[in-house]
$ cat input.txt   # compact mmCIF, C-alpha atoms and all ligand atoms
# COMPACT_ATOMS: atom_id res chain seq x y z
CA MET A 10 0.00 0.00 0.00
CA ASP A 11 1.42 3.39 -1.03
CA LEU A 12 0.75 5.72 1.89
CA PHE A 13 1.42 8.73 -0.33
CA GLN A 14 -1.39 7.91 -2.74
CA LEU A 15 -4.18 6.36 -0.65
CA ASP A 16 -7.54 6.63 -2.38
CA SER A 17 -11.08 6.10 -1.12
CA ASP A 18 -10.99 2.36 -1.98
CA ASP A 19 -7.84 1.87 0.11
CA LEU A 20 -9.43 3.75 2.99
CA ARG A 21 -12.63 1.71 2.78
CA SER A 22 -10.66 -1.52 2.73
CA LEU A 23 -8.64 -0.44 5.77
CA ARG A 24 -11.75 0.61 7.70
CA GLU A 25 -13.54 -2.65 6.95
CA ASN A 26 -10.71 -5.19 7.09
CA ALA A 27 -7.87 -3.74 9.13
CA PRO A 28 -9.06 -0.70 11.12
CA VAL A 29 -5.82 -0.67 13.14
CA HIS A 30 -3.06 -1.85 10.85
CA ARG A 31 0.73 -1.69 11.18
CA ASP A 32 2.31 -0.60 7.89
CA GLU A 33 5.46 -2.65 7.35
CA GLY A 34 7.21 -0.04 5.21
CA THR A 35 7.03 2.84 7.67
CA GLY A 36 6.18 1.15 10.98
CA LEU A 37 3.20 3.51 11.31
CA TRP A 38 -0.05 2.16 12.79
CA LEU A 39 -2.89 3.19 10.47
CA VAL A 40 -6.10 4.00 12.36
CA SER A 41 -9.08 4.52 10.08
CA ARG A 42 -12.44 4.26 11.90
CA HIS A 43 -14.08 7.50 13.00
CA ALA A 44 -14.59 6.32 16.60
CA ASP A 45 -10.93 5.34 17.01
CA VAL A 46 -9.51 8.48 15.37
CA ARG A 47 -11.73 10.67 17.53
CA ALA A 48 -10.87 8.73 20.69
CA VAL A 49 -7.15 9.18 20.03
CA LEU A 50 -7.45 12.92 19.33
CA ALA A 51 -9.63 13.38 22.40
CA ASP A 52 -7.07 11.86 24.76
CA PRO A 53 -3.84 13.92 24.81
CA GLY A 54 -2.79 12.18 28.03
CA ARG A 55 -2.43 8.79 26.33
CA PHE A 56 -1.66 10.00 22.81
CA HIS A 57 1.05 12.61 22.41
CA PRO A 58 1.41 14.96 19.43
CA ASP A 59 5.23 15.03 19.45
CA ASN A 60 5.59 13.40 16.01
CA ALA A 61 3.19 15.77 14.21
CA LEU A 62 5.98 17.52 12.30
CA THR A 63 8.56 14.73 12.03
CA ALA A 64 9.86 14.12 8.49
CA ILE A 65 8.31 10.88 7.25
CA THR A 66 11.24 10.26 4.91
CA PRO A 67 14.31 10.24 7.17
CA ILE A 68 16.59 13.18 6.48
CA PRO A 69 20.18 12.05 5.82
CA ARG A 70 23.05 13.52 7.81
CA PRO A 71 24.44 15.89 5.14
CA VAL A 72 20.97 17.38 4.68
CA LEU A 73 20.50 17.69 8.45
CA ARG A 74 23.76 19.66 8.46
CA VAL A 75 22.28 22.16 5.97
CA LEU A 76 19.37 22.70 8.36
CA ALA A 77 21.56 22.84 11.47
CA ARG A 78 23.95 25.37 9.92
CA ALA A 79 20.96 27.65 9.31
CA GLY A 80 19.81 27.28 12.94
CA PHE A 81 16.69 25.45 11.76
CA SER A 82 14.69 23.65 14.43
CA LEU A 83 11.07 22.83 15.17
CA PRO A 84 10.77 22.69 18.96
CA PRO A 85 7.36 21.86 20.47
CA THR A 86 5.14 24.92 19.94
CA LEU A 87 1.63 24.23 18.60
CA ALA A 88 0.65 21.08 16.69
CA ASN A 89 3.69 19.15 17.97
CA ASN A 90 3.53 20.42 21.55
CA GLY A 91 2.24 18.13 24.30
CA THR A 92 3.88 20.18 27.05
CA ALA A 93 2.62 22.87 29.39
CA THR A 94 3.77 25.68 27.07
CA HIS A 95 1.13 24.77 24.48
CA ALA A 96 -1.80 26.66 26.00
CA ALA A 97 -0.05 30.04 26.17
CA LEU A 98 1.40 29.82 22.65
CA ARG A 99 -2.00 28.72 21.32
CA GLY A 100 -3.56 31.70 23.11
CA LEU A 101 -1.18 34.12 21.38
CA VAL A 102 -2.17 32.86 17.93
CA ALA A 103 -5.86 32.53 18.80
CA GLY A 104 -5.94 36.26 19.52
CA PHE A 105 -5.50 36.89 15.78
CA LEU A 106 -8.27 34.48 14.82
CA THR A 107 -11.22 35.41 17.01
CA PRO A 108 -14.62 35.06 15.30
CA ALA A 109 -14.89 38.87 15.02
CA ARG A 110 -11.45 39.21 13.41
CA VAL A 111 -12.21 36.39 10.99
CA ARG A 112 -15.58 37.96 10.06
CA ALA A 113 -13.84 41.25 9.37
CA LEU A 114 -11.75 39.54 6.67
CA ARG A 115 -14.80 38.70 4.54
CA PRO A 116 -14.65 41.85 2.34
CA LEU A 117 -10.94 41.30 1.64
CA ILE A 118 -11.57 37.66 0.68
CA ALA A 119 -14.44 38.63 -1.63
CA GLU A 120 -12.38 41.41 -3.25
CA LEU A 121 -9.38 39.13 -3.82
CA ALA A 122 -11.67 36.50 -5.35
CA ARG A 123 -13.38 39.02 -7.66
CA GLU A 124 -10.04 40.46 -8.83
CA ARG A 125 -8.86 36.98 -9.78
CA LEU A 126 -12.13 35.98 -11.43
CA ASP A 127 -12.15 39.17 -13.48
CA ALA A 128 -8.64 38.40 -14.69
CA LEU A 129 -9.62 34.98 -16.09
CA THR A 130 -9.44 35.12 -19.85
CA GLY A 131 -10.41 31.58 -20.88
CA PRO A 132 -11.79 29.80 -22.71
CA VAL A 133 -9.96 27.34 -20.44
CA ALA A 134 -8.36 28.26 -17.13
CA ASP A 135 -6.77 26.46 -14.20
CA LEU A 136 -8.34 27.66 -10.95
CA HIS A 137 -5.36 26.44 -8.92
CA PRO A 138 -2.86 29.12 -9.96
CA ALA A 139 -5.54 31.60 -11.03
CA LEU A 140 -7.71 31.62 -7.91
CA ALA A 141 -6.63 29.20 -5.16
CA ARG A 142 -2.86 29.50 -4.93
CA ASP A 143 -2.07 32.93 -3.51
CA LEU A 144 -5.36 34.13 -2.03
CA PRO A 145 -5.14 32.19 1.28
CA ALA A 146 -1.57 33.39 1.85
CA ILE A 147 -2.59 37.03 1.35
CA VAL A 148 -5.54 36.56 3.73
CA LEU A 149 -3.43 34.80 6.37
CA LEU A 150 -0.83 37.57 6.38
CA ALA A 151 -3.61 40.16 6.68
CA ALA A 152 -5.06 38.19 9.62
CA MET A 153 -1.65 38.19 11.31
CA GLY A 154 -1.09 41.90 10.63
CA ILE A 155 1.98 41.16 8.53
CA ASP A 156 2.71 43.03 5.31
CA ASP A 157 5.60 43.37 2.97
CA VAL A 158 5.97 39.66 2.16
CA ASP A 159 6.93 38.29 -1.25
CA ILE A 160 3.99 35.92 -1.84
CA PRO A 161 5.57 33.79 -4.61
CA LYS A 162 8.58 33.30 -2.35
CA LEU A 163 6.38 32.32 0.61
CA LYS A 164 4.56 29.80 -1.60
CA ALA A 165 7.85 28.33 -2.84
CA TRP A 166 9.14 28.04 0.72
CA SER A 167 5.96 26.46 1.99
CA THR A 168 5.47 23.91 -0.79
CA ALA A 169 9.13 22.90 -0.35
CA SER A 170 8.55 22.45 3.38
CA LEU A 171 5.48 20.26 2.85
CA GLU A 172 7.48 18.02 0.52
CA LEU A 173 10.48 17.85 2.85
CA PHE A 174 8.43 16.79 5.90
CA TRP A 175 5.52 14.87 4.35
CA GLY A 176 6.84 13.74 0.96
CA ASN A 177 9.07 11.00 -0.33
CA PRO A 178 11.92 12.99 -1.91
CA SER A 179 15.26 11.58 -3.08
CA PRO A 180 18.37 12.65 -1.10
CA GLU A 181 19.27 15.17 -3.85
CA ARG A 182 15.78 16.62 -3.71
CA GLN A 183 15.92 16.69 0.11
CA HIS A 184 19.08 18.79 -0.18
CA GLU A 185 17.31 21.29 -2.39
CA LEU A 186 14.19 21.38 -0.18
CA ALA A 187 16.26 21.80 2.98
CA GLY A 188 17.98 24.83 1.42
CA SER A 189 14.59 26.41 0.89
CA ALA A 190 13.28 25.50 4.37
CA ALA A 191 16.45 26.90 5.93
CA GLU A 192 16.12 30.15 4.01
CA PHE A 193 12.51 30.50 5.16
CA HIS A 194 13.44 29.84 8.79
CA GLN A 195 16.27 32.39 8.68
CA TRP A 196 13.96 34.98 7.13
CA LEU A 197 11.43 34.36 9.93
CA THR A 198 14.12 34.68 12.60
CA ARG A 199 15.26 38.03 11.16
CA ARG A 200 11.70 39.33 10.93
CA ILE A 201 10.85 38.29 14.51
CA ARG A 202 14.04 39.85 15.87
CA ALA A 203 13.28 43.13 14.08
CA ALA A 204 9.57 43.21 15.04
CA ARG A 205 8.28 46.26 16.86
CA GLY A 206 4.49 46.35 16.44
CA ALA A 207 1.52 44.21 17.50
CA ASP A 208 1.59 41.85 14.52
CA LEU A 209 2.27 38.09 14.86
CA PHE A 210 6.04 38.65 14.90
CA GLY A 211 5.66 41.44 17.48
CA VAL A 212 3.57 39.42 19.95
CA LEU A 213 6.22 36.70 19.92
CA ARG A 214 8.90 39.14 21.04
CA ASP A 215 9.08 37.65 24.55
CA VAL A 216 9.00 34.01 23.40
CA PRO A 217 12.45 32.33 23.00
CA ILE A 218 13.50 32.94 19.41
CA ARG A 219 13.77 29.23 18.49
CA ASP A 220 10.19 28.66 19.63
CA ALA A 221 8.91 31.83 17.96
CA ALA A 222 10.55 30.93 14.63
CA GLY A 223 9.33 27.32 14.81
CA LEU A 224 5.79 28.48 15.57
CA CYS A 225 5.75 30.95 12.66
CA TYR A 226 7.27 28.35 10.35
CA PHE A 227 4.40 25.94 11.05
CA LEU A 228 1.70 28.60 11.06
CA LEU A 229 2.71 30.34 7.83
CA VAL A 230 2.82 26.99 6.02
CA ALA A 231 -0.19 25.23 7.56
CA GLY A 232 -2.30 28.37 7.66
CA GLN A 233 -2.42 28.80 3.90
CA GLU A 234 -1.28 25.73 1.92
CA THR A 235 -4.18 23.77 3.42
CA THR A 236 -6.73 26.38 2.33
CA THR A 237 -5.30 26.42 -1.20
CA GLN A 238 -5.77 22.64 -1.20
CA LEU A 239 -9.30 22.95 0.18
CA LEU A 240 -10.28 25.44 -2.54
CA CYS A 241 -9.06 23.03 -5.24
CA ALA A 242 -10.88 20.12 -3.60
CA VAL A 243 -14.10 22.14 -3.35
CA PHE A 244 -14.10 23.19 -7.00
CA ASP A 245 -13.15 19.75 -8.24
CA ALA A 246 -15.97 18.16 -6.22
CA VAL A 247 -18.76 20.63 -6.77
CA LEU A 248 -18.16 21.05 -10.50
CA ARG A 249 -18.67 17.28 -10.90
CA ASP A 250 -22.19 17.65 -9.48
CA ARG A 251 -24.17 20.02 -11.70
CA GLU A 252 -27.23 19.97 -9.42
CA LEU A 253 -25.15 21.05 -6.47
CA TRP A 254 -23.31 23.71 -8.47
CA ALA A 255 -26.67 25.14 -9.54
CA ARG A 256 -27.65 25.52 -5.89
CA VAL A 257 -24.45 27.19 -4.63
CA ASP A 258 -26.06 30.65 -4.72
CA GLU A 259 -28.84 29.59 -2.32
CA PRO A 260 -28.41 30.77 1.28
CA GLY A 261 -26.10 28.52 3.28
CA VAL A 262 -25.41 26.05 0.47
CA ALA A 263 -21.83 27.22 -0.20
CA GLU A 264 -21.03 26.73 3.51
CA ASP A 265 -22.69 23.28 3.50
CA VAL A 266 -20.82 22.19 0.38
CA VAL A 267 -17.51 23.23 1.92
CA GLU A 268 -18.35 21.18 5.02
CA GLU A 269 -19.12 18.11 2.95
CA VAL A 270 -15.88 18.42 1.00
CA LEU A 271 -14.00 18.73 4.30
CA ARG A 272 -15.70 15.54 5.43
CA ARG A 273 -15.21 13.48 2.27
CA ASP A 274 -12.05 14.96 0.71
CA PRO A 275 -10.17 16.66 3.57
CA PRO A 276 -6.91 18.31 2.45
CA VAL A 277 -5.17 17.22 5.66
CA SER A 278 -5.78 13.56 4.97
CA THR A 279 -3.86 12.11 7.93
CA TRP A 280 -2.33 13.34 11.19
CA ARG A 281 0.02 11.67 13.64
CA ARG A 282 0.16 10.86 17.35
CA ILE A 283 2.34 8.62 19.60
CA ALA A 284 0.80 6.12 22.03
CA ALA A 285 2.26 6.97 25.46
CA GLU A 286 1.20 3.60 26.94
CA PRO A 287 -0.10 0.26 25.63
CA VAL A 288 -3.66 0.74 24.31
CA VAL A 289 -6.37 -1.27 22.56
CA LEU A 290 -8.15 0.24 19.54
CA SER A 291 -10.92 -1.66 17.74
CA GLY A 292 -9.79 -4.74 19.66
CA VAL A 293 -6.19 -4.48 18.42
CA PRO A 294 -3.41 -4.11 21.02
CA VAL A 295 -1.05 -1.25 20.20
CA PRO A 296 2.27 -1.03 22.09
CA ALA A 297 3.55 2.00 23.98
CA GLY A 298 5.65 4.21 21.71
CA ALA A 299 3.69 3.24 18.56
CA HIS A 300 3.47 6.02 15.99
CA LEU A 301 -0.14 6.28 14.85
CA LEU A 302 -1.25 7.60 11.48
CA LEU A 303 -4.83 8.79 11.94
CA MET A 304 -6.73 8.58 8.68
CA LEU A 305 -8.74 11.80 8.91
CA ALA A 306 -9.89 11.21 5.33
CA GLY A 307 -11.04 7.64 5.97
CA SER A 308 -12.86 8.68 9.14
CA GLY A 309 -14.99 11.20 7.21
CA SER A 310 -16.32 8.41 4.99
CA ASP A 311 -17.07 5.99 7.82
CA PRO A 312 -20.64 4.74 7.17
CA ALA A 313 -21.08 4.10 10.90
CA VAL A 314 -21.27 7.90 11.31
CA PHE A 315 -22.10 9.23 7.84
CA PRO A 316 -24.67 7.22 5.83
CA GLU A 317 -23.99 7.21 2.06
CA PRO A 318 -20.55 8.67 2.73
CA ASP A 319 -19.49 9.01 -0.91
CA ARG A 320 -22.33 11.40 -1.70
CA LEU A 321 -21.93 15.13 -1.02
CA CYS A 322 -25.08 15.81 0.91
CA PRO A 323 -25.28 19.49 1.98
CA ALA A 324 -28.20 18.95 4.33
CA ARG A 325 -26.44 16.19 6.28
CA PRO A 326 -27.48 16.80 9.91
CA ASN A 327 -24.17 15.71 11.46
CA ALA A 328 -21.90 17.14 8.74
CA ARG A 329 -19.68 18.88 11.29
CA ARG A 330 -18.76 15.65 13.09
CA HIS A 331 -15.94 15.14 10.60
CA LEU A 332 -12.38 15.31 11.91
CA ALA A 333 -10.83 17.31 9.07
CA PHE A 334 -9.65 19.97 11.53
CA GLY A 335 -8.67 17.47 14.23
CA TYR A 336 -10.38 17.38 17.59
CA GLY A 337 -9.78 18.42 21.19
CA ARG A 338 -6.80 20.31 22.55
CA HIS A 339 -5.09 20.85 19.20
CA PHE A 340 -8.24 21.54 17.17
CA CYS A 341 -7.27 23.69 14.20
CA LEU A 342 -7.12 27.37 15.11
CA GLY A 343 -7.82 28.39 11.52
CA ALA A 344 -10.96 26.32 10.96
CA GLY A 345 -13.27 29.35 10.95
CA LEU A 346 -11.03 31.25 8.55
CA ALA A 347 -10.62 28.31 6.17
CA ARG A 348 -14.39 27.69 6.14
CA LEU A 349 -15.10 31.36 5.47
CA GLU A 350 -12.54 31.63 2.68
CA ALA A 351 -13.78 28.56 0.88
CA ALA A 352 -17.46 29.55 1.11
CA VAL A 353 -16.87 33.15 -0.01
CA VAL A 354 -14.63 32.16 -2.95
CA LEU A 355 -17.09 29.48 -4.01
CA ARG A 356 -20.05 31.86 -3.92
CA GLU A 357 -18.18 34.64 -5.75
CA THR A 358 -17.17 32.18 -8.45
CA ARG A 359 -20.72 30.86 -8.87
CA GLU A 360 -21.98 34.43 -9.18
CA ARG A 361 -19.35 35.48 -11.73
CA PHE A 362 -19.37 32.28 -13.83
CA PRO A 363 -22.70 30.46 -13.29
CA SER A 364 -22.06 28.09 -16.22
CA LEU A 365 -18.53 27.16 -15.18
CA ARG A 366 -17.68 23.52 -15.82
CA LEU A 367 -14.69 21.21 -15.62
CA ALA A 368 -12.68 21.02 -18.85
CA SER A 369 -12.44 17.24 -18.49
CA ALA A 370 -14.20 14.54 -16.48
CA GLU A 371 -10.87 12.81 -15.88
CA ARG A 372 -9.49 12.83 -12.35
CA PRO A 373 -6.85 15.56 -11.94
CA PRO A 374 -3.26 14.92 -10.83
CA MET A 375 -3.19 14.85 -7.02
CA LEU A 376 -0.77 16.22 -4.47
CA GLY A 377 0.51 12.98 -2.94
CA LEU A 378 2.05 13.68 0.46
CA LEU A 379 1.64 11.62 3.61
CA SER A 380 -0.72 14.15 5.22
CA PHE A 381 -1.83 16.36 2.36
CA ARG A 382 -3.97 15.32 -0.56
CA ALA A 383 -5.75 17.59 -3.03
CA PRO A 384 -6.11 18.24 -6.77
CA LEU A 385 -3.05 19.97 -8.23
CA SER A 386 -5.10 21.55 -10.97
CA VAL A 387 -8.72 22.45 -11.61
CA ARG A 388 -9.04 23.05 -15.32
CA VAL A 389 -12.34 24.72 -16.18
CA VAL A 390 -14.13 26.06 -19.23
CA LEU A 391 -15.48 29.57 -18.89
CA HIS A 392 -18.69 30.29 -20.69
CA ALA A 393 -17.99 32.56 -23.67
CA ASP A 394 -20.69 35.17 -22.84
CA GLU A 395 -19.60 35.35 -19.24
CA ARG A 396 -16.07 36.11 -20.36
CA LEU A 397 -17.27 39.22 -22.15
CA ALA A 398 -19.66 40.42 -19.46
CA VAL A 399 -17.12 41.90 -17.05
C1 LIG B 401 -8.72 23.63 5.10
C2 LIG B 401 -7.81 24.17 5.84
C3 LIG B 401 -7.22 23.54 7.06
C4 LIG B 401 -7.24 22.23 7.50
C5 LIG B 401 -7.91 21.04 6.82
C6 LIG B 401 -6.52 22.19 8.75
C7 LIG B 401 -6.33 21.05 9.49
C8 LIG B 401 -5.67 21.00 10.71
C9 LIG B 401 -5.45 19.80 11.49
C10 LIG B 401 -5.90 18.40 11.10
C11 LIG B 401 -4.79 20.14 12.61
C12 LIG B 401 -4.32 19.20 13.74
C13 LIG B 401 -5.42 19.14 14.78
C14 LIG B 401 -5.21 18.14 15.88
O1 LIG B 401 -4.08 17.71 16.14
O2 LIG B 401 -6.22 17.76 16.55
C15 LIG B 401 -4.57 21.57 12.55
C16 LIG B 401 -3.93 22.30 13.52
C17 LIG B 401 -3.69 23.65 13.40
N1 LIG B 401 -4.09 24.49 12.38
FE1 LIG B 401 -5.15 23.99 10.76
N2 LIG B 401 -6.08 23.45 9.04
C18 LIG B 401 -6.51 24.31 8.04
C19 LIG B 401 -6.31 25.66 7.98
C20 LIG B 401 -5.67 26.40 8.92
C21 LIG B 401 -5.54 27.84 8.90
C22 LIG B 401 -6.16 28.75 7.84
C23 LIG B 401 -4.81 28.18 10.01
C24 LIG B 401 -4.39 29.54 10.50
C25 LIG B 401 -4.92 30.67 10.11
C26 LIG B 401 -4.51 26.96 10.73
C27 LIG B 401 -3.81 26.89 11.90
C28 LIG B 401 -3.63 25.75 12.66
C29 LIG B 401 -2.91 25.73 13.93
C30 LIG B 401 -2.24 26.91 14.59
C31 LIG B 401 -2.95 24.40 14.39
C32 LIG B 401 -2.31 23.85 15.67
C33 LIG B 401 -3.27 24.01 16.81
C34 LIG B 401 -2.74 23.46 18.10
O3 LIG B 401 -1.90 22.55 18.10
O4 LIG B 401 -3.16 23.97 19.15
N3 LIG B 401 -5.03 25.90 10.03
N4 LIG B 401 -5.14 22.07 11.39

$ encode --input "input.txt" --output "structure tokens"
Amino acid sequence: MDLFQLDSDDLRSLRENAPVHRDEGTGLWLVSRHADVRAVLADPGRFHPDNALTAITPIPRPVLRVLARAGFSLPPTLANNGTATHAALRGLVAGFLTPARVRALRPLIAELARERLDALTGPVADLHPALARDLPAIVLLAAMGIDDVDIPKLKAWSTASLELFWGNPSPERQHELAGSAAEFHQWLTRRIRAARGADLFGVLRDVPIRDAAGLCYFLLVAGQETTTQLLCAVFDAVLRDRELWARVDEPGVAEDVVEEVLRRDPPVSTWRRIAAEPVVLSGVPVPAGAHLLLMLAGSGSDPAVFPEPDRLCPARPNARRHLAFGYGRHFCLGAGLARLEAAVVLRETRERFPSLRLASAERPPMLGLLSFRAPLSVRVVLHADERLAV
């Protein structure tokens, strides 16, 4: 089984036949039923998050030296922090993402979406670069009060980091990716040291610099790459269902569609924990120290919780029980922002191009990383009349 390319059939087979399964290649224990995944996330005492950001493909010594020379490190801060410092660091970031602050970003999101939609020339366009790629990064930086960032550079740094930690790169490629990750980390360190105001860098002034840089490194990657992936997943899914697409302009439907895509096709497809003591999950004994790979994607299609799981069903009463944003102490701090962005961009797109359709029914190429899975392109056909009616 290729853990980098698991599809819905693999996940179904795991859930039904081997809900707690040790993968020989990686030594990871794959946990795929909703009840088990939720139970693990809900119990930080018995399941520690320390391995959340560990490179799945071991980094060879010469590449580690590149990182060490640049002062790169990822100490426990947020997602990988099971210690007592977690709550305070989480509180610092949460201050930038209160419901009121997220709501206030709606006009910016809508404006950014409209600008990009107006620039589409067609007849065929790829919504990934044209709409989904940069918008979440611009919104995240606005949320954090940070300006003056080279967005293409941030995207290059962050896609390199995802591949280095969650991909399966060759040693030569790891060398290249580590150079980029190191550059990003050094840039963050300089910016935090020079910070004066009340932006994200400024509020971390009193946090040890290694922790502050590690926190920003995670946040500025996770806080926007995932939303880019979600936008691609949403468009790919909804444009395959003409009835649903037709309804996207009805009140609440864009939000409901986004929720269903999060459930069925979550961009963060897996997340990791370590068992701190021997445990039993779905009747299977798991030893202390086991590294668990929680199949967030598989859990969202578990028929024990979601009947007819393969169907996007916007009126599903328990839609929000999915685990796409995790659960419990480490529940995603950006869930509200990601939901808002996806719903606003979807609605703006429906309004601007009501007859939009996929250029091909074929499945698109997919980002195939251990924990991130989403379409790499969303090629669409713009309706000729709509193109003229700017
Ligand atoms: C569709 C988009 C996103 C998805 C699917 C997603 C998913 C996740 C998941 C699965 C976790 C781990 C939760 C756990 O361990 O229980 C997480 C944590 C986190 N996410 Fe997100 N995320 C998204 C967007 C964002 C955004 C936009 C931000 C910031 C603006 C963000 C910030 C964070 C932070 C700070 C954590 C760590 C929280 C902690 O450990 O206390 N995420 N996210």

$ residues_near_ligand --input "input.txt" --ligand "ligand LIG 401 (chain B)" --cutoff "6 Å" --atoms "only C-alpha atoms and all ligand atoms" --output "list of chain:residue names"
A:Leu50, A:Leu87, A:Ala88, A:Arg99, A:Leu149, A:Leu228, A:Ala231, A:Gly232, A:Gln233, A:Thr235, A:Thr236, A:Leu239, A:Pro275, A:Pro276, A:Val277, A:Ala333, A:Phe334, A:Gly335, A:Tyr336, A:Gly337, A:His339, A:Phe340, A:Cys341, A:Leu342, A:Gly343, A:Ala344, A:Leu346, A:Ala347

$ closest_residue --input "input.txt" --among "A:Leu302, A:Val230, A:Leu378, A:Val262" --to "A:Arg31" --atoms "all atoms listed in the file"
A:Leu302

$ residues_around --input "input.txt" --residues "stretch 203-208 of chain A" --least-positions-apart "2" --cutoff "10 Å" --atoms "all atoms listed in the file" --output "ChimeraX atom specification"
/A:105,150-156,197-201,210-214

$ closest_residue --input "input.txt" --among "A:Arg281, A:Arg366, A:Arg388, A:Arg382" --to "A:Leu248" --atoms "only C-alpha atoms"
A:Arg366

$ residues_around --input "input.txt" --residues "A:Arg42" --least-positions-apart "5" --cutoff "8 Å" --atoms "all atoms listed in the file" --output "PyMOL selection string"
chain A and resi 24+28+304+307-308+311

$ atom_distance --input "input.txt" --atom1 "atom CA of A:Ala27" --atom2 "atom CA of A:Thr66"
24.1 Å

$ atom_distance --input "input.txt" --atom1 "atom CA of A:Ala103" --atom2 "atom CA of A:Phe81"
24.7 Å

$ build_atoms --input "input.txt" --residues "stretch 160-176 of chain A" --atoms "N, CA and C atoms" --output "PDB file, keeping the file's coordinate frame"
ATOM      1  N   ILE A 160       4.899  37.076  -1.873  1.00  0.00           N
ATOM      2  CA  ILE A 160       3.990  35.920  -1.840  1.00  0.00           C
ATOM      3  C   ILE A 160       4.536  34.737  -2.664  1.00  0.00           C
ATOM      4  N   PRO A 161       5.025  34.952  -3.893  1.00  0.00           N
ATOM      5  CA  PRO A 161       5.570  33.790  -4.610  1.00  0.00           C
ATOM      6  C   PRO A 161       6.693  33.096  -3.835  1.00  0.00           C
ATOM      7  N   LYS A 162       7.493  33.894  -3.134  1.00  0.00           N
ATOM      8  CA  LYS A 162       8.580  33.300  -2.350  1.00  0.00           C
ATOM      9  C   LYS A 162       7.999  32.478  -1.182  1.00  0.00           C
ATOM     10  N   LEU A 163       7.007  33.051  -0.501  1.00  0.00           N
ATOM     11  CA  LEU A 163       6.380  32.320   0.610  1.00  0.00           C
ATOM     12  C   LEU A 163       5.792  30.997   0.110  1.00  0.00           C
ATOM     13  N   LYS A 164       5.152  31.039  -1.066  1.00  0.00           N
ATOM     14  CA  LYS A 164       4.560  29.800  -1.600  1.00  0.00           C
ATOM     15  C   LYS A 164       5.656  28.788  -1.953  1.00  0.00           C
ATOM     16  N   ALA A 165       6.761  29.259  -2.495  1.00  0.00           N
ATOM     17  CA  ALA A 165       7.850  28.330  -2.840  1.00  0.00           C
ATOM     18  C   ALA A 165       8.424  27.720  -1.568  1.00  0.00           C
ATOM     19  N   TRP A 166       8.634  28.550  -0.552  1.00  0.00           N
ATOM     20  CA  TRP A 166       9.140  28.040   0.720  1.00  0.00           C
ATOM     21  C   TRP A 166       8.179  27.011   1.304  1.00  0.00           C
ATOM     22  N   SER A 167       6.887  27.327   1.269  1.00  0.00           N
ATOM     23  CA  SER A 167       5.960  26.460   1.990  1.00  0.00           C
ATOM     24  C   SER A 167       5.695  25.158   1.235  1.00  0.00           C
ATOM     25  N   THR A 168       5.658  25.183  -0.093  1.00  0.00           N
ATOM     26  CA  THR A 168       5.470  23.910  -0.790  1.00  0.00           C
ATOM     27  C   THR A 168       6.718  23.030  -0.626  1.00  0.00           C
ATOM     28  N   ALA A 169       7.893  23.669  -0.584  1.00  0.00           N
ATOM     29  CA  ALA A 169       9.130  22.900  -0.350  1.00  0.00           C
ATOM     30  C   ALA A 169       9.077  22.249   1.038  1.00  0.00           C
ATOM     31  N   SER A 170       8.599  22.985   2.020  1.00  0.00           N
ATOM     32  CA  SER A 170       8.550  22.450   3.380  1.00  0.00           C
ATOM     33  C   SER A 170       7.581  21.275   3.476  1.00  0.00           C
ATOM     34  N   LEU A 171       6.434  21.381   2.826  1.00  0.00           N
ATOM     35  CA  LEU A 171       5.480  20.260   2.850  1.00  0.00           C
ATOM     36  C   LEU A 171       6.127  19.011   2.270  1.00  0.00           C
ATOM     37  N   GLU A 172       6.855  19.197   1.165  1.00  0.00           N
ATOM     38  CA  GLU A 172       7.480  18.020   0.520  1.00  0.00           C
ATOM     39  C   GLU A 172       8.592  17.444   1.393  1.00  0.00           C
ATOM     40  N   LEU A 173       9.372  18.333   2.028  1.00  0.00           N
ATOM     41  CA  LEU A 173      10.480  17.850   2.850  1.00  0.00           C
ATOM     42  C   LEU A 173       9.971  17.018   4.033  1.00  0.00           C
ATOM     43  N   PHE A 174       8.893  17.470   4.674  1.00  0.00           N
ATOM     44  CA  PHE A 174       8.430  16.790   5.900  1.00  0.00           C
ATOM     45  C   PHE A 174       7.379  15.714   5.649  1.00  0.00           C
ATOM     46  N   TRP A 175       6.604  15.837   4.560  1.00  0.00           N
ATOM     47  CA  TRP A 175       5.520  14.870   4.350  1.00  0.00           C
ATOM     48  C   TRP A 175       5.623  14.121   3.024  1.00  0.00           C
ATOM     49  N   GLY A 176       6.699  14.378   2.269  1.00  0.00           N
ATOM     50  CA  GLY A 176       6.840  13.740   0.960  1.00  0.00           C
ATOM     51  C   GLY A 176       7.832  12.593   0.994  1.00  0.00           C
TER      52      GLY A 176
END
